[in-house]
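Participant: Structure file data14.cif, mmCIF, C-alpha atoms and all ligand atoms, is pasted below:
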data_protein
#
loop_
_atom_site.label_atom_id
_atom_site.label_comp_id
_atom_site.auth_asym_id
_atom_site.auth_seq_id
_atom_site.Cartn_x
_atom_site.Cartn_y
_atom_site.Cartn_z
CA MET A 28 5.91 -85.15 -0.34
CA LYS A 29 7.77 -87.72 1.77
CA LYS A 30 10.53 -85.52 3.12
CA ILE A 31 11.31 -81.82 3.27
CA LEU A 32 14.38 -79.89 4.34
CA ILE A 33 13.28 -76.97 6.50
CA GLY A 34 16.09 -74.59 5.61
CA THR A 35 16.52 -72.53 8.76
CA HIS A 36 18.79 -72.53 11.78
CA ASN A 37 16.24 -70.57 13.80
CA VAL A 38 14.69 -72.97 16.33
CA GLY A 39 11.46 -70.95 16.65
CA LYS A 40 10.88 -70.86 12.90
CA PHE A 41 11.77 -74.54 12.52
CA ARG A 42 9.21 -75.46 15.14
CA GLU A 43 6.44 -73.38 13.55
CA LEU A 44 7.14 -74.62 10.02
CA SER A 45 7.30 -78.23 11.23
CA ILE A 46 3.82 -77.89 12.69
CA LEU A 47 2.46 -76.33 9.50
CA VAL A 48 3.86 -78.93 7.09
CA SER A 49 1.81 -82.15 6.80
CA LYS A 50 2.29 -84.66 9.62
CA LYS A 51 3.01 -87.32 7.01
CA THR A 52 6.10 -85.48 5.73
CA LYS A 53 9.43 -86.13 7.46
CA LYS A 54 11.09 -82.86 8.41
CA ILE A 55 14.85 -82.61 8.05
CA SER A 56 16.93 -79.82 9.59
CA PRO A 57 20.12 -78.38 8.07
CA LYS A 58 21.81 -79.12 11.40
CA ILE A 59 21.39 -82.86 10.89
CA LEU A 60 22.97 -82.57 7.44
CA LYS A 61 25.70 -80.32 8.94
CA ILE A 62 24.87 -77.46 6.56
CA LYS A 63 25.64 -73.93 7.77
CA SER A 64 23.64 -70.77 6.94
CA PRO A 65 24.27 -68.77 3.79
CA GLU A 66 25.17 -65.10 3.96
CA GLU A 67 22.02 -62.98 3.58
CA THR A 68 23.04 -60.56 0.87
CA GLY A 69 19.55 -59.84 -0.49
CA LYS A 70 17.87 -56.45 -0.16
CA THR A 71 14.35 -57.83 0.34
CA PHE A 72 12.65 -60.62 2.29
CA ASN A 73 11.84 -62.23 -1.02
CA ALA A 74 15.42 -62.19 -2.28
CA ASN A 75 16.75 -63.59 0.99
CA ALA A 76 14.13 -66.37 1.17
CA MET A 77 15.03 -67.43 -2.39
CA LEU A 78 18.74 -67.16 -1.68
CA LYS A 79 18.41 -69.43 1.37
CA ALA A 80 16.25 -72.03 -0.40
CA LYS A 81 18.59 -72.16 -3.42
CA TYR A 82 21.58 -72.50 -1.14
CA PHE A 83 20.10 -75.41 0.85
CA ALA A 84 18.83 -77.10 -2.33
CA LYS A 85 22.43 -77.45 -3.51
CA PHE A 86 22.99 -80.00 -0.75
CA THR A 87 19.94 -82.21 -1.33
CA ASP A 88 17.44 -83.54 -3.85
CA ILE A 89 14.46 -83.44 -1.49
CA PRO A 90 12.15 -80.37 -1.45
CA VAL A 91 13.43 -77.37 0.51
CA ILE A 92 11.49 -74.62 2.27
CA SER A 93 13.19 -71.47 3.57
CA ASP A 94 11.89 -68.46 5.41
CA ASP A 95 13.05 -64.88 5.57
CA SER A 96 11.10 -62.80 7.99
CA GLY A 97 11.22 -59.83 10.31
CA LEU A 98 9.51 -57.03 12.13
CA CYS A 99 8.85 -53.81 10.19
CA ILE A 100 8.11 -50.81 12.41
CA LYS A 101 6.48 -47.95 10.55
CA SER A 102 7.92 -45.05 12.53
CA LEU A 103 11.41 -46.57 12.32
CA ASN A 104 11.34 -46.56 8.51
CA ASN A 105 10.27 -50.22 8.56
CA ARG A 106 13.37 -51.26 10.48
CA PRO A 107 14.61 -53.68 11.68
CA GLY A 108 12.87 -55.43 8.73
CA ILE A 109 15.33 -57.67 6.90
CA TYR A 110 17.87 -56.77 9.58
CA SER A 111 15.78 -58.25 12.43
CA ALA A 112 18.21 -61.08 13.25
CA ARG A 113 21.20 -58.78 12.68
CA TRP A 114 19.89 -56.20 15.19
CA ALA A 115 19.83 -58.90 17.86
CA LYS A 116 23.45 -59.71 17.04
CA LYS A 117 24.43 -56.04 16.94
CA TYR A 118 22.87 -55.20 20.31
CA GLY A 119 23.89 -58.46 21.99
CA SER A 120 20.57 -60.32 22.26
CA PHE A 121 16.89 -60.12 21.32
CA ASN A 122 16.17 -58.72 24.75
CA LYS A 123 18.65 -55.90 24.21
CA ALA A 124 17.39 -55.23 20.69
CA MET A 125 13.81 -55.05 22.04
CA LYS A 126 14.91 -52.61 24.76
CA PHE A 127 16.60 -50.48 22.12
CA ILE A 128 13.39 -50.50 20.04
CA LEU A 129 11.21 -49.56 23.02
CA LYS A 130 13.52 -46.66 23.85
CA LYS A 131 13.37 -45.39 20.27
CA MET A 132 9.59 -45.82 20.27
CA SER A 133 9.14 -43.75 23.44
CA LYS A 134 9.26 -40.59 21.30
CA LYS A 135 6.94 -41.89 18.60
CA ASN A 136 3.18 -41.58 18.40
CA ASP A 137 2.71 -44.19 15.72
CA ARG A 138 3.43 -47.64 17.17
CA SER A 139 2.14 -49.64 14.21
CA ALA A 140 4.22 -52.54 12.96
CA THR A 141 3.98 -55.51 10.62
CA PHE A 142 5.54 -58.93 10.87
CA VAL A 143 6.48 -60.11 7.36
CA CYS A 144 7.40 -63.60 6.20
CA CYS A 145 8.52 -64.77 2.77
CA LEU A 146 8.55 -68.50 2.22
CA ALA A 147 10.48 -69.98 -0.69
CA LEU A 148 9.81 -73.57 -1.69
CA ILE A 149 11.98 -75.49 -4.12
CA LEU A 150 10.33 -78.71 -5.20
CA ASP A 151 12.81 -79.66 -7.88
CA ARG A 152 15.05 -77.82 -10.31
CA LYS A 153 12.05 -76.73 -12.36
CA LYS A 154 9.59 -75.59 -9.72
CA THR A 155 10.19 -72.77 -7.23
CA ILE A 156 7.43 -70.93 -5.40
CA CYS A 157 7.77 -67.82 -3.27
CA VAL A 158 4.93 -66.30 -1.21
CA THR A 159 4.59 -63.50 1.35
CA GLY A 160 2.49 -63.38 4.50
CA LYS A 161 1.92 -60.43 6.83
CA VAL A 162 0.32 -59.74 10.18
CA LYS A 163 -0.41 -56.21 11.32
CA GLY A 164 -0.15 -54.99 14.88
CA SER A 165 1.58 -52.56 17.21
CA ILE A 166 4.60 -52.34 19.44
CA SER A 167 3.84 -52.80 23.15
CA TYR A 168 5.13 -50.36 25.81
CA SER A 169 7.16 -53.06 27.55
CA ILE A 170 8.55 -56.54 26.99
CA LYS A 171 5.74 -58.95 27.84
CA GLY A 172 5.60 -62.75 27.82
CA LYS A 173 8.09 -65.56 27.73
CA LYS A 174 6.46 -67.73 25.10
CA GLY A 175 7.49 -67.65 21.46
CA PHE A 176 10.83 -66.33 20.22
CA GLY A 177 12.62 -63.31 18.75
CA TYR A 178 10.50 -60.14 18.86
CA ASP A 179 7.31 -61.89 20.01
CA PRO A 180 7.29 -60.13 23.45
CA ILE A 181 6.87 -56.63 21.93
CA PHE A 182 4.35 -57.35 19.16
CA ILE A 183 0.60 -57.09 19.75
CA PRO A 184 -1.42 -58.30 16.73
CA ASN A 185 -4.32 -56.00 15.84
CA THR A 186 -7.02 -58.51 16.73
CA LYS A 187 -5.65 -59.21 20.24
CA LEU A 188 -4.76 -57.35 23.44
CA ILE A 189 -1.68 -59.41 24.34
CA THR A 190 1.74 -59.83 22.75
CA PHE A 191 2.73 -62.87 20.73
CA GLY A 192 5.06 -63.62 23.64
CA GLN A 193 2.09 -63.92 26.00
CA MET A 194 0.04 -66.05 23.64
CA GLN A 195 -0.23 -69.84 23.73
CA LYS A 196 2.15 -71.15 21.06
CA ASN A 197 -0.59 -73.02 19.18
CA LYS A 198 -2.66 -69.79 19.00
CA LYS A 199 0.22 -67.69 17.67
CA ILE A 200 1.14 -70.31 15.09
CA LYS A 201 -2.40 -70.13 13.65
CA MET A 202 -2.39 -66.37 13.09
CA ASP A 203 1.12 -65.11 12.43
CA HIS A 204 2.89 -63.97 9.25
CA ARG A 205 4.36 -67.46 8.71
CA TYR A 206 0.89 -68.99 8.83
CA MET A 207 -0.44 -66.39 6.36
CA ALA A 208 2.40 -67.18 3.93
CA PHE A 209 1.91 -70.91 4.42
CA LYS A 210 -1.80 -70.62 3.63
CA LYS A 211 -0.91 -69.04 0.28
CA LEU A 212 1.60 -71.81 -0.39
CA LYS A 213 -1.01 -74.47 0.34
CA LYS A 214 -3.30 -72.96 -2.28
CA LYS A 215 -0.59 -73.55 -4.86
CA ILE A 216 0.71 -76.92 -3.76
CA LYS A 217 -0.02 -79.88 -1.48
CA ILE A 218 2.44 -79.56 1.36
P1 LIG B 301 17.52 -68.39 9.30
O1 LIG B 301 18.10 -67.39 8.36
O2 LIG B 301 18.42 -69.56 9.55
O3 LIG B 301 16.15 -68.82 8.90
P2 LIG B 301 17.36 -66.16 11.14
O4 LIG B 301 16.99 -66.06 12.58
O5 LIG B 301 18.67 -65.53 10.73
O6 LIG B 301 17.34 -67.71 10.75
P3 LIG B 301 15.98 -64.23 9.51
O7 LIG B 301 17.22 -63.80 8.84
O8 LIG B 301 14.77 -64.41 8.67
O9 LIG B 301 16.20 -65.62 10.27
O10 LIG B 301 15.68 -63.23 10.68
C1 LIG B 301 14.40 -62.93 11.09
C2 LIG B 301 14.39 -62.57 12.52
O11 LIG B 301 13.15 -61.92 12.79
C3 LIG B 301 14.45 -63.79 13.40
O12 LIG B 301 15.75 -64.01 13.90
C4 LIG B 301 13.44 -63.52 14.49
O13 LIG B 301 14.06 -63.05 15.61
C5 LIG B 301 12.55 -62.43 13.93
N1 LIG B 301 11.28 -63.09 13.67
C6 LIG B 301 10.83 -63.66 12.52
N2 LIG B 301 9.66 -64.26 12.69
C7 LIG B 301 9.34 -64.07 14.00
C8 LIG B 301 8.26 -64.48 14.80
O14 LIG B 301 7.29 -65.23 14.33
N3 LIG B 301 8.29 -64.11 16.08
C9 LIG B 301 9.27 -63.37 16.59
N4 LIG B 301 10.34 -62.97 15.91
C10 LIG B 301 10.38 -63.33 14.62
#
Rewrite the coordinates I just gave you, this time as structure tokens.

Facilitator:
Amino acid sequence: MKKILIGTHNVGKFRELSILVSKKTKKISPKILKIKSPEETGKTFNANAMLKAKYFAKFTDIPVISDDSGLCIKSLNNRPGIYSARWAKKYGSFNKAMKFILKKMSKKNDRSATFVCCLALILDRKKTICVTGKVKGSISYSIKGKKGFGYDPIFIPNTKLITFGQMQKNKKIKMDHRYMAFKKLKKKIKI
């Protein structure tokens, strides 16, 4: 693969996916091609990842990879889930959305949560692959760490004692939901 369009406007995701894709492949962003985001009308991560990839593929012939992801909190009925980005918009920022979550969680005993990522890859009109990766963890009691992006400062993966926001970027990238999905993708295709 010589080039790939990384179909996301999220800077954090773009960075992580760029590191995961082979160094030899040139990564193109939708910003450079002046392509906006599609409306996310799907009801699942899978549907939204496919919807995004299909949308971006209309603008180019090179392979496209898109990501739909989010934080599913068990005691909040798996919310924000597919609404993770929309909660940040609704409450004004990720910081405000995280504060809202922590307040809601103060009455809950179960703090378990899962970060989910669906990656959709369109190689050409005949070949589309969609995979899901997950990482289990818990919601911290406060916002911790300035590294990473989105909900990283309130998520503690099960195998660690610190939040994704406190973790070195290169460590987080090698253990998160995006990495898990990417590993599955790599088993199916050279990327
Ligand atoms: P695109 O649709 O352009 O890819 P988006 O930010 O709208 O960008 P999503 O609809 O998939 O993407 O929203 C997922 C949100 O969940 C995202 O905005 C992040 O804040 C959050 N999220 C996903 N992966 C994350 C990670 O690794 N660390 C922290 N937050 C993450």

Participant: What are the closest atom pairs, with distances in Å to one decimal, for all residues of chain A lying within 6 Å of ligand LIG 301 (chain B)? Consider only C-alpha atoms and all ligand atoms, order rows by chain and residue number, and present the result as CSV.

Facilitator:
residue,atom,partner,partner_atom,distance
A:Thr35,CA,B:LIG301,O2,3.6
A:His36,CA,B:LIG301,O2,3.7
A:Asn37,CA,B:LIG301,O6,4.3
A:Ser64,CA,B:LIG301,O2,6.0
A:Asp94,CA,B:LIG301,O3,5.5
A:Asp95,CA,B:LIG301,O8,3.6
A:Ser96,CA,B:LIG301,O8,4.1
A:Gly97,CA,B:LIG301,O11,3.8
A:Ser111,CA,B:LIG301,O11,4.5
A:Ala112,CA,B:LIG301,O12,3.9
A:Phe176,CA,B:LIG301,C9,4.9
A:Gly177,CA,B:LIG301,O13,3.5
A:Tyr178,CA,B:LIG301,N4,4.1
A:Asp179,CA,B:LIG301,C9,4.2

Participant: Quick one: of A:Lys29, A:Lys217, A:Lys135, A:Lys174, who's nearest to Asn197 (chain A), counting all atoms listed in the file?

Facilitator: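 Of the candidates, the smallest distance to Asn197 (chain A) is held by A:Lys174.
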
Participant: Do you have the CA of Trp114 (chain A)-CA of Ser56 (chain A) distance handy?

Facilitator: 24.5 Å

Participant: At what distance in Å, to one decimal, does CA of Ala80 (chain A) lie from CA of Leu148 (chain A)?

Facilitator: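 Atom-to-atom, CA of Leu148 (chain A) to CA of Ala80 (chain A), that is 6.7 Å.
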
Participant: Just checking: using all atoms listed in the file, which residue out of A:Gly39, A:Gly175, A:Phe127, A:Lys30 ends up closest to Lys196 (chain A)?

Facilitator: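 With all atoms listed in the file as the atom set, the closest residue is A:Gly175.
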
Participant: Pick out the residues sitting within 12 Å of Lys70 (chain A), and hand them over as number ranges by chain; count all atoms listed in the file, and ignore anything fewer than 6 positions along from it in its own chain.

Facilitator: A: 76-78, 95, 108-110

Participant: Quick one, how far is CA of Met28 (chain A) from CA of Lys210 (chain A)?

Facilitator: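 Separation between CA of Met28 (chain A) and CA of Lys210 (chain A): 16.9 Å.
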
Participant: Please provide the set of residues having any atom within 8 Å of Ile55 (chain A), restricted to only C-alpha atoms, with same-chain residues fewer than 5 positions apart removed, written as a PyMOL selection string.

Facilitator: chain A and resi 30-33

Participant: Smallest atom-to-atom distance to Phe41 (chain A): which of A:Leu188, A:Cys99, A:Ala74, A:Ile200, using all atoms listed in the file?

Facilitator: A:Ile200

Participant: Please determine, counting only C-alpha atoms, which residue among A:Pro180, A:Gly192, A:Pro90, A:Gly164 has the shortest atom-to-atom distance to Met125 (chain A).

Facilitator: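 With only C-alpha atoms as the atom set, the closest residue is A:Pro180.
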
Participant: Using only C-alpha atoms, can you tell me which of A:Asn185, A:Thr71, A:Ser45, A:Ser169 comes closest to Asn105 (chain A)?

Facilitator: A:Thr71

Participant: Calculated over only C-alpha atoms, which of the candidates A:Thr68, A:Ser167, A:Thr52, A:Thr190 has the smallest distance to Lys130 (chain A)?

Facilitator: A:Ser167
